>>> print(open('model-v7.txt').read())   # compact mmCIF, C-alpha atoms and all ligand atoms
# COMPACT_ATOMS: atom_id res chain seq x y z
CA MET A 4 -16.13 19.51 17.78
CA GLY A 5 -15.82 17.86 14.39
CA GLN A 6 -13.05 15.40 13.91
CA LYS A 7 -10.87 14.92 10.89
CA THR A 8 -12.05 11.66 9.48
CA LYS A 9 -9.64 9.18 8.04
CA ILE A 10 -11.44 7.92 4.98
CA ASP A 11 -11.92 4.19 5.10
CA GLY A 12 -11.32 3.16 1.48
CA THR A 13 -10.29 5.34 -1.44
CA ILE A 14 -12.55 8.01 -2.87
CA GLU A 15 -10.61 7.81 -6.16
CA THR A 16 -12.41 5.60 -8.65
CA VAL A 17 -10.70 6.52 -11.91
CA LYS A 18 -7.35 5.17 -13.18
CA GLN A 19 -4.41 7.43 -12.35
CA GLY A 20 -3.48 9.76 -15.19
CA PHE A 21 -6.94 9.43 -16.78
CA ALA A 22 -9.41 12.31 -16.96
CA ASN A 23 -10.81 12.85 -13.46
CA GLY A 24 -8.02 10.73 -11.96
CA VAL A 25 -5.02 11.99 -9.99
CA SER A 26 -1.79 12.74 -11.86
CA ILE A 27 0.72 9.96 -12.39
CA GLN A 28 3.26 11.93 -10.31
CA LEU A 29 0.93 12.05 -7.28
CA ALA A 30 -0.13 8.42 -7.71
CA GLU A 31 3.52 7.28 -7.77
CA LYS A 32 4.31 9.23 -4.62
CA GLN A 33 1.24 7.87 -2.81
CA ALA A 34 2.17 4.31 -3.83
CA ILE A 35 5.45 4.74 -1.94
CA GLU A 36 4.47 7.02 0.96
CA GLY A 37 0.80 6.16 1.46
CA PRO A 38 -2.50 7.83 0.56
CA GLU A 39 -1.78 10.94 2.66
CA ALA A 40 1.24 11.92 0.50
CA LYS A 41 1.05 15.26 -1.32
CA LEU A 42 3.34 16.73 -3.98
CA SER A 43 5.85 19.26 -2.64
CA HIS A 44 6.15 22.81 -3.98
CA GLU A 45 9.36 21.77 -5.80
CA GLU A 46 7.70 18.76 -7.41
CA LYS A 47 4.86 20.98 -8.67
CA GLN A 48 7.42 23.50 -9.97
CA GLY A 49 9.11 20.69 -11.92
CA ILE A 50 5.79 19.80 -13.58
CA ILE A 51 5.20 23.50 -14.42
CA GLU A 52 8.71 23.76 -15.99
CA ARG A 53 8.18 20.75 -18.26
CA ALA A 54 4.61 21.69 -19.19
CA SER A 55 5.69 25.26 -19.94
CA LYS A 56 8.43 24.11 -22.34
CA ALA A 57 5.99 21.77 -24.09
CA PHE A 58 3.34 24.51 -24.43
CA GLY A 59 5.91 26.83 -26.05
CA GLU A 60 6.53 24.09 -28.62
CA PHE A 61 2.77 23.72 -29.13
CA LEU A 62 2.48 27.46 -29.91
CA THR A 63 5.49 27.30 -32.25
CA ALA A 64 3.85 24.40 -34.11
CA LEU A 65 0.74 26.59 -34.52
CA GLY A 66 2.87 29.29 -36.13
CA VAL A 67 2.91 31.72 -33.20
CA ASP A 68 6.00 33.93 -32.78
CA TRP A 69 5.36 33.87 -29.05
CA GLU A 70 8.92 34.50 -27.93
CA ASN A 71 9.00 37.93 -29.61
CA ASP A 72 5.44 38.99 -28.75
CA PRO A 73 5.31 40.91 -25.45
CA ASN A 74 1.77 39.61 -24.81
CA SER A 75 2.73 36.00 -25.40
CA ASN A 76 6.33 35.54 -24.32
CA ASP A 77 5.36 34.40 -20.84
CA THR A 78 2.19 32.61 -21.94
CA PRO A 79 3.58 29.04 -21.81
CA ARG A 80 4.47 29.57 -18.14
CA ARG A 81 1.10 31.23 -17.38
CA VAL A 82 -0.79 28.36 -18.98
CA ALA A 83 1.28 25.69 -17.22
CA LYS A 84 0.82 27.43 -13.84
CA ALA A 85 -2.92 27.80 -14.40
CA TYR A 86 -3.27 24.06 -15.11
CA VAL A 87 -1.23 22.92 -12.11
CA ASN A 88 -2.39 25.48 -9.54
CA ASP A 89 -6.02 26.04 -10.54
CA LEU A 90 -7.62 24.33 -13.54
CA TRP A 91 -6.30 20.86 -12.72
CA ALA A 92 -5.32 21.39 -9.07
CA GLY A 93 -7.33 18.30 -8.11
CA ARG A 94 -4.87 16.11 -10.01
CA TYR A 95 -1.91 17.33 -7.99
CA ASN A 96 -3.42 17.83 -4.52
CA GLY A 97 -4.24 14.88 -2.32
CA THR A 98 -7.64 14.08 -0.87
CA PRO A 99 -9.07 17.00 1.14
CA ASP A 100 -9.29 16.60 4.92
CA ILE A 101 -12.83 15.59 5.72
CA THR A 102 -14.39 16.69 8.99
CA ALA A 103 -17.29 14.60 10.23
CA PHE A 104 -19.63 14.93 13.21
CA PRO A 105 -21.88 12.40 14.93
CA SER A 106 -25.36 12.51 13.43
CA ASP A 107 -26.92 12.41 16.93
CA GLY A 108 -29.84 10.42 15.62
CA TYR A 109 -30.59 12.75 12.71
CA ASP A 110 -31.87 10.54 9.92
CA GLY A 111 -33.40 13.08 7.53
CA MET A 112 -31.94 14.41 4.32
CA VAL A 113 -28.82 16.56 4.33
CA PHE A 114 -28.88 18.74 1.23
CA GLU A 115 -26.48 21.31 -0.13
CA GLY A 116 -27.46 22.98 -3.38
CA GLY A 117 -25.92 25.44 -5.77
CA ILE A 118 -22.31 24.44 -5.16
CA PRO A 119 -20.36 26.30 -7.85
CA LEU A 120 -18.62 24.05 -10.36
CA THR A 121 -15.65 25.04 -12.50
CA SER A 122 -14.24 22.16 -14.48
CA MET A 123 -12.81 21.39 -17.89
CA CYS A 124 -14.00 18.85 -20.42
CA SER A 125 -11.38 16.23 -21.03
CA HIS A 126 -12.34 15.92 -24.70
CA HIS A 127 -11.65 19.53 -25.74
CA HIS A 128 -10.07 21.24 -22.73
CA GLN A 129 -12.85 23.83 -22.66
CA ALA A 130 -14.56 25.12 -19.53
CA ILE A 131 -17.51 23.42 -17.89
CA MET A 132 -19.34 25.86 -15.59
CA GLY A 133 -22.32 25.02 -13.49
CA ARG A 134 -23.79 24.03 -10.15
CA VAL A 135 -23.82 20.83 -8.16
CA HIS A 136 -26.56 19.68 -5.77
CA VAL A 137 -25.60 16.99 -3.28
CA ALA A 138 -27.75 15.16 -0.74
CA TYR A 139 -27.45 12.15 1.51
CA ILE A 140 -29.35 10.51 4.33
CA PRO A 141 -27.15 9.42 7.23
CA GLY A 142 -27.72 6.06 8.89
CA LYS A 143 -28.86 6.08 12.53
CA ASP A 144 -25.34 5.92 13.98
CA SER A 145 -23.36 7.27 11.06
CA LYS A 146 -21.72 10.64 10.69
CA VAL A 147 -22.59 13.83 8.91
CA ILE A 148 -19.94 15.64 6.83
CA GLY A 149 -18.92 19.18 7.74
CA LEU A 150 -20.96 21.18 5.24
CA SER A 151 -18.10 22.97 3.47
CA LYS A 152 -16.45 19.58 2.91
CA LEU A 153 -19.07 18.86 0.25
CA ASN A 154 -17.80 21.99 -1.53
CA ARG A 155 -14.23 20.69 -1.09
CA LEU A 156 -15.17 17.39 -2.70
CA VAL A 157 -16.70 19.21 -5.68
CA GLU A 158 -13.47 21.24 -6.04
CA HIS A 159 -11.33 18.12 -5.65
CA PHE A 160 -13.00 16.31 -8.56
CA GLY A 161 -14.09 19.34 -10.57
CA ARG A 162 -10.61 20.79 -10.83
CA ARG A 163 -9.43 18.14 -13.27
CA GLY A 164 -10.21 17.13 -16.77
CA ALA A 165 -13.63 15.50 -16.67
CA ILE A 166 -16.71 14.50 -18.53
CA GLN A 167 -19.83 15.52 -16.64
CA GLU A 168 -21.18 11.97 -16.38
CA GLN A 169 -17.99 10.72 -14.76
CA LEU A 170 -17.78 13.75 -12.47
CA THR A 171 -21.31 13.05 -11.22
CA VAL A 172 -20.35 9.48 -10.34
CA ALA A 173 -17.06 10.55 -8.72
CA ILE A 174 -18.77 12.99 -6.32
CA HIS A 175 -21.52 10.48 -5.56
CA ASN A 176 -19.08 7.66 -4.80
CA ALA A 177 -16.95 9.87 -2.57
CA VAL A 178 -19.94 10.82 -0.37
CA ASN A 179 -21.07 7.19 -0.37
CA THR A 180 -17.61 6.05 0.80
CA ILE A 181 -17.26 8.71 3.50
CA ILE A 182 -20.74 8.30 5.03
CA LYS A 183 -20.80 4.65 5.96
CA ASP A 184 -24.21 3.02 6.36
CA ASN A 185 -25.98 5.91 4.65
CA LYS A 186 -29.56 5.44 3.46
CA GLY A 187 -28.91 7.03 0.10
CA VAL A 188 -26.86 9.56 -1.85
CA ALA A 189 -27.97 11.92 -4.63
CA VAL A 190 -25.88 14.12 -6.89
CA MET A 191 -27.18 16.33 -9.65
CA ILE A 192 -25.09 18.58 -11.87
CA GLU A 193 -26.33 21.24 -14.25
CA ALA A 194 -23.65 22.86 -16.39
CA THR A 195 -22.84 24.61 -19.62
CA HIS A 196 -19.99 23.36 -21.78
CA ASN A 197 -17.83 25.81 -23.69
CA CYS A 198 -16.96 23.07 -26.18
CA VAL A 199 -20.62 23.11 -27.30
CA GLN A 200 -20.90 26.90 -27.21
CA CYS A 201 -17.59 27.93 -28.83
CA ARG A 202 -16.61 25.18 -31.24
CA GLY A 203 -18.30 22.48 -33.30
CA VAL A 204 -22.05 23.16 -33.30
CA LYS A 205 -21.55 26.55 -31.48
CA HIS A 206 -24.85 26.58 -29.65
CA GLY A 207 -25.06 29.03 -26.77
CA GLY A 208 -27.61 28.49 -24.01
CA ALA A 209 -27.74 24.69 -24.03
CA SER A 210 -27.04 23.12 -20.67
CA MET A 211 -26.54 19.55 -19.51
CA LYS A 212 -28.07 17.86 -16.49
CA THR A 213 -26.81 14.61 -15.01
CA SER A 214 -27.82 12.78 -11.87
CA LYS A 215 -26.89 9.75 -9.85
CA LEU A 216 -29.32 8.61 -7.18
CA THR A 217 -28.94 5.57 -4.96
CA GLY A 218 -30.64 4.11 -1.91
CA ALA A 219 -33.82 5.90 -0.83
CA PHE A 220 -33.32 8.57 -3.53
CA TYR A 221 -33.60 5.84 -6.15
CA LYS A 222 -36.16 3.54 -4.55
CA ASP A 223 -38.51 5.87 -2.74
CA ASN A 224 -40.61 8.30 -4.76
CA ALA A 225 -41.24 10.63 -1.80
CA THR A 226 -37.51 10.97 -1.04
CA ARG A 227 -36.74 11.52 -4.69
CA SER A 228 -39.35 14.25 -5.04
CA GLU A 229 -38.14 15.92 -1.83
CA PHE A 230 -34.64 16.06 -3.36
CA TYR A 231 -35.91 17.60 -6.62
CA GLN A 232 -38.11 19.96 -4.64
CA PHE A 233 -34.96 21.21 -2.86
CA VAL A 234 -33.10 21.44 -6.20
CA LYS A 235 -35.92 23.59 -7.59
CA GLY A 236 -35.05 26.28 -5.06
CA TYR A 237 -31.79 26.97 -6.92
ZN ZN B 1 -15.91 18.91 -24.73
>>> encode(input="model-v7.txt", output="C-alpha cells", more="lines below")
Ligand SMILES: [Zn+2]
Amino acid sequence: MGQKTKIDGTIETVKQGFANGVSIQLAEKQAIEGPEAKLSHEEKQGIIERASKAFGEFLTALGVDWENDPNSNDTPRRVAKAYVNDLWAGRYNGTPDITAFPSDGYDGMVFEGGIPLTSMCSHHHQAIMGRVHVAYIPGKDSKVIGLSKLNRLVEHFGRRGAIQEQLTVAIHNAVNTIIKDNKGVAVMIEATHNCVQCRGVKHGGASMKTSKLTGAFYKDNATRSEFYQFVKGY
C-alpha cells in the first residue's frame, strides 16, 4: 500500500502572490494554521465575489454594456469562477497529497510522458496548452511517487499564471524535493502559447520547448539520451 507522504520541505519556490505562486489569501492562512491549511468554500466564494465586481468594472471601462446584454450580464461571475475554480485553481488549493511507495531497490528511470498541460501565461493571460514529460531516478533506498501524483503536480503548478520557463523549474524542484536522494530529475515541456498565436506577432503553429535536467540526466550522456528517446515516443 502506498502511504501519504508528508513532504519534507516546501515544494513552493515562488513568492506568494507572484505568477506561479500561491495566492496571498492561501499564504496568509498557511502562515497561521500551517502548510496543510486550505481555503474554505466560503473563503473562495469571497474571492469570487470581489473578483466578479472588479471584472464588471473592467468591462464597463472597455465600453461594454454588459449589464443589459443577456449574453454578458453574468459574465463577470463566470470569469471570476473560472479563474478561482479552474484556470488558477493551483493558487487557491493547497499542496496535493502525495502518495509514495518504497522503491524496493529499483534504481532505473521512472518516466511519465505526455502529461496534458493547461496553463495561462502570466504576461498576457492567454492559454498555454501542451504536454509535460517528467522523469527521475530514485536512490537505492528512496521512494517512488504514485504515478498519477506526477499529473497532480503538473495540475498544481500549471493551473496558475506562469511563464513556461518558471513552470518547468517548479515541477522539477517539486519532484526533486519529494524524492529524497534521487539520482536525477528531468522535466521537459512542449507547449503552444495563445499570446503568440492570437495577439502581437499572431503566428500559429510555433511551439516552445523548455527543459530542466539535473543529476544523471545532466551529467551522463546515456541517461540523457534514454530520456529523450522516451520523449520521442510522444
Ligand atoms: Zn504571453
>>> closest_residue(input="model-v7.txt", among="A:Ile50, A:Ala138, A:Ala177, A:Cys124", to="A:His159", atoms="all atoms listed in the file")
A:Ala177
>>> closest_residue(input="model-v7.txt", among="A:Ser55, A:Glu158, A:Glu115, A:Thr195", to="ligand ZN 1 (chain B)", atoms="only C-alpha atoms and all ligand atoms")
A:Thr195
>>> closest_atom_pairs(input="model-v7.txt", of="chain A", to="ligand ZN 1 (chain B)", cutoff="10 Å", atoms="only C-alpha atoms and all ligand atoms", output="tab-separated table")
residue	atom	partner	partner_atom	distance
A:Met123	CA	B:ZN1	ZN	7.9
A:Cys124	CA	B:ZN1	ZN	4.7
A:Ser125	CA	B:ZN1	ZN	6.4
A:His126	CA	B:ZN1	ZN	4.7
A:His127	CA	B:ZN1	ZN	4.4
A:His128	CA	B:ZN1	ZN	6.6
A:Gln129	CA	B:ZN1	ZN	6.2
A:Ala130	CA	B:ZN1	ZN	8.2
A:Ile131	CA	B:ZN1	ZN	8.3
A:Gly164	CA	B:ZN1	ZN	10.0
A:Ala165	CA	B:ZN1	ZN	9.0
A:Ile166	CA	B:ZN1	ZN	7.7
A:Gln167	CA	B:ZN1	ZN	9.6
A:His196	CA	B:ZN1	ZN	6.7
A:Asn197	CA	B:ZN1	ZN	7.2
A:Cys198	CA	B:ZN1	ZN	4.5
A:Val199	CA	B:ZN1	ZN	6.8
A:Gln200	CA	B:ZN1	ZN	9.7
A:Arg202	CA	B:ZN1	ZN	9.1
A:Gly203	CA	B:ZN1	ZN	9.6
>>> write_last_selection(input="model-v7.txt", atoms="C-alpha atoms", output="JSON list (two decimals), in the coordinates of the input")
[["chain", "number", "residue", "atom", "x", "y", "z"],
["A", 123, "MET", "CA", -12.81, 21.39, -17.89],
["A", 124, "CYS", "CA", -14.00, 18.85, -20.42],
["A", 125, "SER", "CA", -11.38, 16.23, -21.03],
["A", 126, "HIS", "CA", -12.34, 15.92, -24.70],
["A", 127, "HIS", "CA", -11.65, 19.53, -25.74],
["A", 128, "HIS", "CA", -10.07, 21.24, -22.73],
["A", 129, "GLN", "CA", -12.85, 23.83, -22.66],
["A", 130, "ALA", "CA", -14.56, 25.12, -19.53],
["A", 131, "ILE", "CA", -17.51, 23.42, -17.89],
["A", 164, "GLY", "CA", -10.21, 17.13, -16.77],
["A", 165, "ALA", "CA", -13.63, 15.50, -16.67],
["A", 166, "ILE", "CA", -16.71, 14.50, -18.53],
["A", 167, "GLN", "CA", -19.83, 15.52, -16.64],
["A", 196, "HIS", "CA", -19.99, 23.36, -21.78],
["A", 197, "ASN", "CA", -17.83, 25.81, -23.69],
["A", 198, "CYS", "CA", -16.96, 23.07, -26.18],
["A", 199, "VAL", "CA", -20.62, 23.11, -27.30],
["A", 200, "GLN", "CA", -20.90, 26.90, -27.21],
["A", 202, "ARG", "CA", -16.61, 25.18, -31.24],
["A", 203, "GLY", "CA", -18.30, 22.48, -33.30]]
>>> atom_distance(input="model-v7.txt", atom1="atom CA of A:Val82", atom2="atom CA of A:Ala64")
16.3 Å
>>> closest_residue(input="model-v7.txt", among="A:Lys9, A:Lys18, A:Lys152, A:His175", to="A:Pro38", atoms="all atoms listed in the file")
A:Lys9
>>> atom_distance(input="model-v7.txt", atom1="atom CA of A:Leu216", atom2="atom CA of A:Gly116")
15.0 Å
>>> residues_around(input="model-v7.txt", residues="A:Val178", least_positions_apart="4", cutoff="12 Å", atoms="all atoms listed in the file", output="MDAnalysis selection string")
chainID A and resid 10:15 101 103 113 137:141 146:150 152:157 171:174 182:190 215:217
>>> atom_distance(input="model-v7.txt", atom1="atom CA of A:Phe160", atom2="atom CA of A:Asn23")
6.4 Å
>>> residues_around(input="model-v7.txt", residues="A:Gln232", least_positions_apart="6", cutoff="12 Å", atoms="all atoms listed in the file", output="list in words")
Phe114, Gly116, His136, Asn224, Ala225 and Thr226 of chain A
>>> write_last_selection(input="model-v7.txt", atoms="C-alpha atoms", output="PDB file, keeping the file's coordinate frame")
ATOM      1  CA  PHE A 114     -28.880  18.740   1.230  1.00  0.00           C
ATOM      2  CA  GLY A 116     -27.460  22.980  -3.380  1.00  0.00           C
ATOM      3  CA  HIS A 136     -26.560  19.680  -5.770  1.00  0.00           C
ATOM      4  CA  ASN A 224     -40.610   8.300  -4.760  1.00  0.00           C
ATOM      5  CA  ALA A 225     -41.240  10.630  -1.800  1.00  0.00           C
ATOM      6  CA  THR A 226     -37.510  10.970  -1.040  1.00  0.00           C
TER       7      THR A 226
END
>>> closest_residue(input="model-v7.txt", among="A:Glu31, A:Ala209, A:Gly24, A:Leu62", to="A:Gln169", atoms="all atoms listed in the file")
A:Gly24
>>> closest_residue(input="model-v7.txt", among="A:Ser214, A:Ser151, A:Asn179, A:Gln19", to="A:Arg227", atoms="all atoms listed in the file")
A:Ser214
>>> residues_near_point(input="model-v7.txt", point="(1.4, 8.7, -9.0)", cutoff="12 Å", atoms="only C-alpha atoms", output="ChimeraX atom specification")
/A:18-21,24-38,40-42,46,94-97
>>> closest_residue(input="model-v7.txt", among="A:Gly161, A:Gly208, A:Pro105, A:Gly49", to="A:Leu120", atoms="only C-alpha atoms")
A:Gly161
